[in-house]
file work31.txt (compact mmCIF, C-alpha atoms and all ligand atoms)
# COMPACT_ATOMS: atom_id res chain seq x y z
CA MET T 1 42.22 -30.37 92.38
CA ASP T 2 41.09 -33.84 93.43
CA LEU T 3 38.53 -34.88 90.81
CA GLY T 4 36.99 -37.47 93.11
CA ILE T 5 37.22 -40.30 90.57
CA ALA T 6 40.19 -42.33 91.85
CA GLY T 7 39.34 -46.01 91.43
CA ARG T 8 36.69 -45.36 88.76
CA ARG T 9 36.83 -47.46 85.56
CA ALA T 10 37.07 -45.64 82.24
CA ILE T 11 36.82 -46.74 78.61
CA VAL T 12 38.51 -44.25 76.30
CA CYS T 13 37.86 -45.11 72.65
CA ALA T 14 40.43 -44.38 69.93
CA SER T 15 43.08 -43.38 72.44
CA SER T 16 46.46 -44.60 71.21
CA LYS T 17 47.38 -41.03 70.23
CA GLY T 18 46.09 -37.49 69.90
CA LEU T 19 43.08 -36.21 71.83
CA GLY T 20 41.92 -39.66 72.96
CA ARG T 21 45.36 -40.43 74.41
CA ALA T 22 45.35 -37.10 76.24
CA CYS T 23 41.97 -37.97 77.81
CA ALA T 24 43.24 -41.41 78.82
CA MET T 25 46.35 -39.85 80.39
CA ALA T 26 44.34 -37.23 82.31
CA LEU T 27 41.92 -39.86 83.66
CA ALA T 28 44.83 -42.11 84.67
CA GLN T 29 46.42 -39.12 86.44
CA ALA T 30 43.11 -38.70 88.31
CA GLY T 31 43.46 -42.30 89.55
CA CYS T 32 41.09 -44.09 87.16
CA ALA T 33 41.72 -47.56 85.75
CA VAL T 34 41.66 -46.93 82.00
CA LEU T 35 40.94 -49.09 78.96
CA VAL T 36 42.69 -47.71 75.87
CA ASN T 37 41.88 -48.62 72.26
CA GLY T 38 43.14 -48.16 68.70
CA ARG T 39 43.54 -50.31 65.59
CA ASP T 40 47.34 -50.41 65.43
CA SER T 41 48.16 -52.78 68.28
CA ALA T 42 51.90 -51.94 68.46
CA ARG T 43 51.16 -48.24 68.90
CA LEU T 44 48.36 -49.03 71.36
CA GLU T 45 50.60 -51.23 73.52
CA ALA T 46 53.29 -48.52 73.54
CA THR T 47 50.72 -45.94 74.67
CA ALA T 48 49.43 -48.25 77.40
CA ARG T 49 53.01 -48.72 78.66
CA GLU T 50 53.67 -44.96 78.62
CA ILE T 51 50.49 -44.08 80.54
CA ARG T 52 51.15 -46.87 83.05
CA ALA T 53 54.73 -45.68 83.59
CA ALA T 54 53.68 -42.02 83.92
CA THR T 55 50.79 -42.57 86.33
CA GLY T 56 51.02 -46.02 87.92
CA ALA T 57 47.36 -46.51 86.93
CA HIS T 58 45.86 -49.85 85.85
CA ILE T 59 45.77 -49.67 82.03
CA VAL T 60 44.23 -52.32 79.76
CA ALA T 61 44.64 -52.21 75.98
CA VAL T 62 42.01 -53.59 73.59
CA ALA T 63 43.02 -53.30 69.95
CA GLY T 64 40.53 -53.14 67.10
CA ASP T 65 38.28 -51.07 64.88
CA LEU T 66 35.47 -49.47 66.87
CA ASP T 67 33.14 -49.65 63.92
CA SER T 68 33.02 -53.43 64.38
CA ALA T 69 30.37 -54.73 66.80
CA GLU T 70 32.76 -57.53 67.86
CA VAL T 71 35.40 -54.99 68.89
CA ARG T 72 32.84 -52.97 70.85
CA ALA T 73 31.80 -56.20 72.60
CA ALA T 74 35.48 -56.88 73.40
CA LEU T 75 35.79 -53.45 75.05
CA LEU T 76 32.79 -54.22 77.27
CA GLU T 77 34.11 -57.69 78.03
CA ALA T 78 37.41 -56.20 79.24
CA CYS T 79 35.62 -53.47 81.20
CA PRO T 80 32.08 -54.73 81.89
CA ALA T 81 30.96 -52.00 84.30
CA PRO T 82 32.54 -48.72 83.21
CA ASP T 83 31.91 -45.54 85.20
CA ILE T 84 33.27 -43.34 82.41
CA LEU T 85 33.02 -43.60 78.62
CA VAL T 86 34.90 -41.26 76.32
CA ASN T 87 33.55 -41.67 72.80
CA ASN T 88 36.16 -40.90 70.17
CA ASN T 89 36.91 -42.22 66.70
CA GLY T 90 38.95 -41.30 63.66
CA GLY T 91 37.38 -38.39 61.83
CA PRO T 92 36.35 -38.99 58.24
CA ALA T 93 38.96 -37.62 55.86
CA PRO T 94 37.56 -34.94 53.56
CA PHE T 95 35.95 -37.07 50.85
CA ALA T 96 36.80 -36.20 47.27
CA GLU T 97 33.34 -37.42 46.37
CA LEU T 98 30.28 -37.49 48.60
CA THR T 99 29.05 -40.89 47.51
CA ARG T 100 26.29 -42.58 49.49
CA GLU T 101 28.84 -45.17 50.64
CA ASN T 102 31.21 -42.48 51.98
CA ILE T 103 28.40 -40.70 53.79
CA LEU T 104 27.24 -43.96 55.38
CA ARG T 105 30.80 -44.74 56.52
CA GLY T 106 31.02 -41.34 58.22
CA LEU T 107 27.65 -41.82 59.91
CA GLU T 108 28.78 -45.22 61.15
CA SER T 109 32.01 -43.91 62.70
CA ASN T 110 30.93 -40.58 64.10
CA MET T 111 27.28 -41.18 65.00
CA LEU T 112 26.17 -44.83 65.13
CA THR T 113 29.25 -46.28 66.85
CA PRO T 114 29.17 -43.81 69.77
CA ILE T 115 25.39 -44.25 70.13
CA ALA T 116 25.82 -48.05 70.26
CA LEU T 117 28.36 -47.69 73.07
CA VAL T 118 26.17 -45.29 75.04
CA GLN T 119 23.28 -47.75 74.74
CA ARG T 120 25.49 -50.51 76.13
CA VAL T 121 26.92 -48.62 79.11
CA ALA T 122 24.22 -46.17 80.22
CA PRO T 123 21.78 -48.62 81.91
CA GLY T 124 24.53 -50.00 84.20
CA MET T 125 25.77 -46.49 85.02
CA ALA T 126 22.22 -45.47 85.96
CA ARG T 127 21.81 -48.54 88.20
CA ARG T 128 25.10 -47.77 89.94
CA ARG T 129 24.15 -44.07 90.13
CA PHE T 130 27.36 -42.76 88.64
CA GLY T 131 28.25 -42.26 85.00
CA ARG T 132 30.16 -39.76 82.92
CA ILE T 133 29.97 -39.91 79.13
CA VAL T 134 32.00 -37.50 77.02
CA ASN T 135 31.83 -37.40 73.23
CA ILE T 136 34.70 -35.93 71.26
CA ALA T 137 32.95 -33.98 68.51
CA SER T 138 34.27 -30.97 66.57
CA SER T 139 33.90 -27.22 66.36
CA SER T 140 32.65 -27.94 62.81
CA VAL T 141 29.30 -28.92 64.37
CA ARG T 142 28.91 -25.25 65.32
CA ALA T 143 30.65 -23.58 62.38
CA PRO T 144 31.03 -25.60 59.19
CA ILE T 145 34.46 -26.36 57.77
CA ALA T 146 34.57 -26.85 54.00
CA GLY T 147 35.25 -30.46 53.05
CA LEU T 148 34.28 -31.89 56.46
CA ASP T 149 30.55 -32.07 55.69
CA VAL T 150 30.21 -35.74 56.60
CA SER T 151 32.06 -35.27 59.90
CA SER T 152 30.00 -32.19 60.79
CA GLY T 153 26.68 -33.80 59.85
CA ALA T 154 27.32 -37.09 61.65
CA ARG T 155 28.52 -35.35 64.81
CA ALA T 156 25.59 -32.92 64.75
CA GLY T 157 23.31 -35.98 64.52
CA LEU T 158 25.10 -37.55 67.51
CA THR T 159 24.75 -34.33 69.50
CA ALA T 160 21.02 -34.06 68.83
CA PHE T 161 20.41 -37.77 69.38
CA LEU T 162 22.04 -37.75 72.82
CA ALA T 163 20.53 -34.45 73.99
CA ALA T 164 17.36 -36.19 75.19
CA SER T 165 19.27 -39.13 76.71
CA ALA T 166 21.32 -36.65 78.79
CA ARG T 167 18.14 -35.26 80.33
CA ALA T 168 16.65 -38.72 80.91
CA LEU T 169 19.78 -39.95 82.74
CA ALA T 170 20.49 -36.84 84.82
CA LYS T 171 18.48 -37.99 87.85
CA ASP T 172 20.70 -41.08 88.11
CA ASN T 173 23.90 -38.99 88.23
CA VAL T 174 24.80 -40.01 84.67
CA THR T 175 25.92 -37.10 82.51
CA ILE T 176 26.47 -36.86 78.76
CA ASN T 177 28.45 -33.94 77.34
CA SER T 178 30.32 -33.24 74.14
CA ILE T 179 33.57 -31.41 73.65
CA GLN T 180 33.93 -29.52 70.38
CA PRO T 181 37.64 -29.08 69.62
CA GLY T 182 38.92 -26.39 67.31
CA ALA T 183 42.45 -26.92 66.00
CA PHE T 184 44.63 -29.14 68.21
CA ASP T 185 48.21 -30.14 67.58
CA THR T 186 47.80 -33.83 66.68
CA ASP T 187 48.64 -36.09 63.72
CA TRP T 188 45.08 -35.60 62.44
CA ILE T 189 45.49 -31.86 61.89
CA ARG T 190 49.01 -32.37 60.56
CA SER T 191 47.63 -34.77 57.94
CA ILE T 192 44.95 -32.23 56.96
CA LEU T 193 47.67 -29.56 56.53
CA ASP T 194 49.81 -31.96 54.46
CA ARG T 195 46.85 -32.73 52.20
CA SER T 196 45.97 -29.07 51.66
CA ALA T 197 49.64 -28.31 51.00
CA ALA T 198 49.77 -31.08 48.39
CA ALA T 199 46.56 -29.79 46.78
CA THR T 200 47.63 -26.12 46.65
CA GLY T 201 51.38 -26.54 46.15
CA GLY T 202 52.03 -24.63 49.41
CA ALA T 203 54.28 -25.65 52.31
CA PRO T 204 52.64 -27.31 55.35
CA ALA T 205 54.56 -25.01 57.74
CA ALA T 206 53.29 -21.89 55.96
CA LEU T 207 49.71 -23.23 56.02
CA ARG T 208 50.03 -23.99 59.71
CA ALA T 209 51.33 -20.48 60.44
CA GLN T 210 48.34 -19.05 58.52
CA ARG T 211 45.87 -21.23 60.47
CA GLU T 212 47.48 -20.33 63.80
CA ALA T 213 47.45 -16.62 63.01
CA ALA T 214 43.68 -16.82 62.45
CA ILE T 215 43.10 -18.17 65.99
CA PRO T 216 42.85 -15.48 68.70
CA ALA T 217 45.13 -17.57 70.97
CA GLY T 218 47.68 -17.51 68.13
CA ARG T 219 48.36 -21.25 68.28
CA PHE T 220 46.91 -24.73 68.05
CA GLY T 221 45.69 -26.28 71.30
CA ALA T 222 47.83 -28.76 73.21
CA PRO T 223 46.23 -32.20 73.64
CA GLU T 224 46.91 -31.95 77.41
CA GLU T 225 44.57 -28.92 77.56
CA PHE T 226 41.88 -31.05 75.98
CA GLY T 227 42.54 -34.00 78.31
CA ALA T 228 42.21 -31.77 81.37
CA LEU T 229 38.77 -30.55 80.24
CA CYS T 230 37.64 -34.11 79.57
CA ALA T 231 38.82 -35.24 83.02
CA PHE T 232 36.91 -32.39 84.66
CA LEU T 233 33.72 -33.38 82.80
CA CYS T 234 34.25 -36.88 84.21
CA SER T 235 34.83 -35.63 87.75
CA ALA T 236 32.60 -36.16 90.76
CA GLN T 237 32.15 -32.37 90.90
CA ALA T 238 30.68 -32.21 87.37
CA GLY T 239 27.48 -34.11 88.23
CA TYR T 240 25.28 -31.05 87.62
CA LEU T 241 26.77 -30.38 84.17
CA THR T 242 24.99 -32.36 81.47
CA GLY T 243 23.69 -32.10 77.92
CA GLN T 244 26.28 -29.43 77.06
CA ASN T 245 28.52 -28.90 74.05
CA ILE T 246 31.73 -27.29 75.14
CA LEU T 247 33.82 -25.48 72.56
CA ILE T 248 37.60 -25.41 73.15
CA ASP T 249 39.15 -23.52 70.27
CA GLY T 250 41.43 -20.69 71.49
CA GLY T 251 38.65 -18.19 70.79
CA ALA T 252 38.31 -19.07 67.09
CA PHE T 253 34.49 -19.16 67.04
CA PRO T 254 33.49 -15.51 66.84
CA GLY T 255 30.11 -15.61 68.65
CA ALA T 256 29.40 -14.11 72.08
CA PHE T 257 27.51 -17.30 73.09
N1 LIG G 301 42.93 -32.48 66.27
C1 LIG G 301 42.03 -31.58 65.93
O1 LIG G 301 42.36 -30.42 65.69
C2 LIG G 301 40.58 -31.96 65.82
C3 LIG G 301 39.64 -30.95 65.61
C4 LIG G 301 38.29 -31.27 65.52
C5 LIG G 301 37.90 -32.60 65.61
N2 LIG G 301 38.83 -33.56 65.79
C6 LIG G 301 38.35 -34.94 65.87
O2 LIG G 301 38.79 -35.55 67.07
C7 LIG G 301 39.01 -36.93 66.85
C8 LIG G 301 40.41 -37.29 67.33
O3 LIG G 301 41.32 -36.53 66.57
P1 LIG G 301 42.89 -36.56 66.85
O4 LIG G 301 43.38 -35.25 66.39
O5 LIG G 301 43.18 -37.01 68.21
O6 LIG G 301 43.34 -37.70 65.80
P2 LIG G 301 44.66 -38.61 65.78
O7 LIG G 301 45.80 -37.94 66.45
O8 LIG G 301 44.79 -39.03 64.36
O9 LIG G 301 44.26 -39.89 66.69
C9 LIG G 301 43.20 -40.71 66.30
C10 LIG G 301 43.15 -41.90 67.24
O10 LIG G 301 42.01 -42.68 66.92
C11 LIG G 301 42.39 -44.04 66.65
N3 LIG G 301 41.41 -44.54 65.67
C12 LIG G 301 41.11 -44.01 64.46
N4 LIG G 301 40.14 -44.73 63.86
C13 LIG G 301 39.83 -45.74 64.72
C14 LIG G 301 38.90 -46.81 64.68
N5 LIG G 301 38.09 -47.00 63.62
N6 LIG G 301 38.83 -47.66 65.73
C15 LIG G 301 39.63 -47.49 66.81
N7 LIG G 301 40.53 -46.48 66.91
C16 LIG G 301 40.63 -45.63 65.88
C17 LIG G 301 43.81 -43.90 66.15
O11 LIG G 301 44.55 -45.10 66.26
P3 LIG G 301 44.66 -46.15 65.01
O12 LIG G 301 44.88 -45.33 63.79
O13 LIG G 301 45.78 -47.05 65.39
O14 LIG G 301 43.33 -46.84 64.98
C18 LIG G 301 44.33 -42.85 67.11
O15 LIG G 301 44.62 -43.40 68.37
C19 LIG G 301 38.80 -37.19 65.37
O16 LIG G 301 37.49 -37.69 65.18
C20 LIG G 301 38.90 -35.82 64.74
O17 LIG G 301 38.10 -35.71 63.58
C21 LIG G 301 40.16 -33.29 65.90
call {"tool": "encode", "arguments": {"input": "work31.txt", "output": "structure tokens"}}
result
Amino acid sequence: MDLGIAGRRAIVCASSKGLGRACAMALAQAGCAVLVNGRDSARLEATAREIRAATGAHIVAVAGDLDSAEVRAALLEACPAPDILVNNNGGPAPFAELTRENILRGLESNMLTPIALVQRVAPGMARRRFGRIVNIASSSVRAPIAGLDVSSGARAGLTAFLAASARALAKDNVTINSIQPGAFDTDWIRSILDRSAAATGGAPAALRAQREAAIPAGRFGAPEEFGALCAFLCSAQAGYLTGQNILIDGGAFPGAF
């Protein structure tokens, strides 16, 4: 399917690996010029090279921590008029202690940083009458996961905050949607399994098998499946789809709606 976005410019935050990388790859496959980002510049450069080699797309890498205003400004300097913004960031690790400082750090990463980027890019998208904004959230916004309270709360705040903006921007062909991933096979989930194994004395492989068995699909999701959904939400055809929170979890959430 031609997504109708060849030649569009995309900023994909936190995209040197995992779900962000899969979104960057899928957008590059659709013909977009893509800006990739991550803190570890060696890994980021390697990812940029791989996506370039796989797709022939124009890929620019901007290294740095998204929670810094200077780094966010550098992203916009390298890609001043983006058509697509994928908001992603590291998820807060489960905090041993919910101190005020830890809660504020989580709010910064998973709510305030993406809002700041939307505020920077949305007016230009509206003027140019094309914009696609996708936020990578979590299924924990819908169904809480013990220990991820800060992540769930911050992302729920982001979702509610942007719900009105999505409606306000719709007439200018700017959409804002969130994807809520369940369990996907990335380093993030592997680190969570390693931590629980260390805490319980179990083996990570056994914990993974248990988690997978509890998912109706019987497995973790592949990042490529996530990237394909993100690319569709950024497509020309998705202009009538806005303000939605799309769960992709292999059927794990048990509700009918
Ligand atoms: N995988 C899942 O099953 C799952 C489920 C629900 C929600 N999520 C959420 O989805 C998001 C992505 O998860 P993932 O599984 O793709 O994680 P991942 O494989 O660990 O990748 C995280 C990416 O974000 C970058 N990053 C982290 N903090 C950053 C920062 N402050 N500034 C710039 N880049 C940063 C990392 O690069 P550097 O470390 O080099 O910066 C890396 O490229 C996370 O917020 C996670 O909580 C994931």
call {"tool": "closest_atom_pairs", "arguments": {"input": "work31.txt", "of": "chain T", "to": "ligand LIG 301 (chain G)", "cutoff": "6 Å", "atoms": "only C-alpha atoms and all ligand atoms", "output": "tab-separated table"}}
result
residue	atom	partner	partner_atom	distance
T:Ala14	CA	G:LIG301	N7	3.7
T:Ser15	CA	G:LIG301	O15	4.4
T:Ser16	CA	G:LIG301	O15	3.6
T:Lys17	CA	G:LIG301	O15	4.1
T:Gly18	CA	G:LIG301	O5	3.4
T:Leu19	CA	G:LIG301	O5	3.7
T:Gly20	CA	G:LIG301	O5	5.6
T:Asn37	CA	G:LIG301	N7	5.9
T:Gly38	CA	G:LIG301	N7	3.6
T:Arg39	CA	G:LIG301	O14	3.5
T:Asp40	CA	G:LIG301	O13	3.7
T:Gly64	CA	G:LIG301	C15	5.7
T:Asp65	CA	G:LIG301	N6	3.6
T:Leu66	CA	G:LIG301	N6	4.0
T:Asp67	CA	G:LIG301	N5	5.6
T:Asn88	CA	G:LIG301	C7	5.9
T:Asn89	CA	G:LIG301	O16	4.8
T:Gly90	CA	G:LIG301	C12	3.6
T:Gly91	CA	G:LIG301	O17	3.3
T:Ile136	CA	G:LIG301	O2	5.9
T:Ala137	CA	G:LIG301	C5	5.9
T:Ser138	CA	G:LIG301	C5	4.1
T:Pro181	CA	G:LIG301	C4	4.7
T:Gly182	CA	G:LIG301	C3	4.9
T:Ala183	CA	G:LIG301	O1	3.5
T:Phe184	CA	G:LIG301	O1	3.6
T:Asp185	CA	G:LIG301	N1	5.9
T:Thr186	CA	G:LIG301	O7	4.6
T:Asp187	CA	G:LIG301	O7	4.4
T:Trp188	CA	G:LIG301	O8	3.9
T:Ile189	CA	G:LIG301	N1	5.1
call {"tool": "residues_around", "arguments": {"input": "work31.txt", "residues": "Thr242 (chain T)", "least_positions_apart": "5", "cutoff": "8 Å", "atoms": "only C-alpha atoms", "output": "PyMOL selection string"}}
result
chain T and resi 166-167+170+175-177
call {"tool": "residues_around", "arguments": {"input": "work31.txt", "residues": "Ala213 (chain T)", "least_positions_apart": "5", "cutoff": "12 Å", "atoms": "all atoms listed in the file", "output": "short mmCIF file (atom, residue, chain, number, x, y, z; two decimals) with C-alpha atoms, in the coordinates of the input"}}
result
data_model
loop_
_atom_site.label_atom_id
_atom_site.label_comp_id
_atom_site.auth_asym_id
_atom_site.auth_seq_id
_atom_site.Cartn_x
_atom_site.Cartn_y
_atom_site.Cartn_z
CA ALA T 183 42.45 -26.92 66.00
CA ALA T 206 53.29 -21.89 55.96
CA LEU T 207 49.71 -23.23 56.02
CA ARG T 208 50.03 -23.99 59.71
CA GLY T 218 47.68 -17.51 68.13
CA ARG T 219 48.36 -21.25 68.28
CA PHE T 220 46.91 -24.73 68.05
CA GLY T 250 41.43 -20.69 71.49
CA GLY T 251 38.65 -18.19 70.79
CA ALA T 252 38.31 -19.07 67.09
#
call {"tool": "residues_around", "arguments": {"input": "work31.txt", "residues": "region 230-237 of chain T", "least_positions_apart": "4", "cutoff": "8 Å", "atoms": "only C-alpha atoms", "output": "ChimeraX atom specification"}}
result
/T:3-5,23,26-27,30,84,132-134,177,179,226,241
call {"tool": "atom_distance", "arguments": {"input": "work31.txt", "atom1": "CA of Ala24 (chain T)", "atom2": "CA of Leu193 (chain T)"}}
result
25.6 Å
call {"tool": "residues_near_point", "arguments": {"input": "work31.txt", "point": "(34.3, -46.2, 92.9)", "cutoff": "10 Å", "atoms": "all atoms listed in the file", "output": "ChimeraX atom specification"}}
result
/T:4-9,32,83,128,130
call {"tool": "write_last_selection", "arguments": {"input": "work31.txt", "atoms": "C-alpha atoms", "output": "PDB file, in the frame of the given file"}}
result
ATOM      1  CA  GLY T   4      36.990 -37.470  93.110  1.00  0.00           C
ATOM      2  CA  ILE T   5      37.220 -40.300  90.570  1.00  0.00           C
ATOM      3  CA  ALA T   6      40.190 -42.330  91.850  1.00  0.00           C
ATOM      4  CA  GLY T   7      39.340 -46.010  91.430  1.00  0.00           C
ATOM      5  CA  ARG T   8      36.690 -45.360  88.760  1.00  0.00           C
ATOM      6  CA  ARG T   9      36.830 -47.460  85.560  1.00  0.00           C
ATOM      7  CA  CYS T  32      41.090 -44.090  87.160  1.00  0.00           C
ATOM      8  CA  ASP T  83      31.910 -45.540  85.200  1.00  0.00           C
ATOM      9  CA  ARG T 128      25.100 -47.770  89.940  1.00  0.00           C
ATOM     10  CA  PHE T 130      27.360 -42.760  88.640  1.00  0.00           C
TER      11      PHE T 130
END
call {"tool": "atom_distance", "arguments": {"input": "work31.txt", "atom1": "CA of Arg72 (chain T)", "atom2": "CA of Pro114 (chain T)"}}
result
9.9 Å
call {"tool": "closest_residue", "arguments": {"input": "work31.txt", "among": "T:Asp194, T:Asp149, T:Glu97, T:Glu70", "to": "Ala116 (chain T)", "atoms": "all atoms listed in the file"}}
result
T:Glu70
call {"tool": "atom_distance", "arguments": {"input": "work31.txt", "atom1": "CA of Met111 (chain T)", "atom2": "CA of Asn245 (chain T)"}}
result
15.3 Å
call {"tool": "closest_residue", "arguments": {"input": "work31.txt", "among": "T:Ala228, T:Val150, T:Ala238, T:Ile145", "to": "Met25 (chain T)", "atoms": "all atoms listed in the file"}}
result
T:Ala228
call {"tool": "residues_near_point", "arguments": {"input": "work31.txt", "point": "(29.6, -18.2, 67.4)", "cutoff": "12 Å", "atoms": "all atoms listed in the file", "output": "PyMOL selection string"}}
result
chain T and resi 139-144+247+249+251-257
call {"tool": "closest_residue", "arguments": {"input": "work31.txt", "among": "T:Ala22, T:Leu104, T:Leu44, T:Ile246", "to": "Asn135 (chain T)", "atoms": "all atoms listed in the file"}}
result
T:Ile246
call {"tool": "closest_residue", "arguments": {"input": "work31.txt", "among": "T:Gly31, T:Gly147, T:Gly221, T:Pro92", "to": "Glu108 (chain T)", "atoms": "only C-alpha atoms"}}
result
T:Pro92
call {"tool": "closest_residue", "arguments": {"input": "work31.txt", "among": "T:Ala203, T:Ala53, T:Ile248, T:Ala126", "to": "Gly227 (chain T)", "atoms": "all atoms listed in the file"}}
result
T:Ile248
call {"tool": "axis_aligned_box", "arguments": {"input": "work31.txt", "around": "region 166-185 of chain T", "padding_each_side": "3 Å", "output": "JSON"}}
result
{"center_x": 32.4, "center_y": -33.7, "center_z": 77.1, "size_x": 37.6, "size_y": 20.7, "size_z": 28.2}
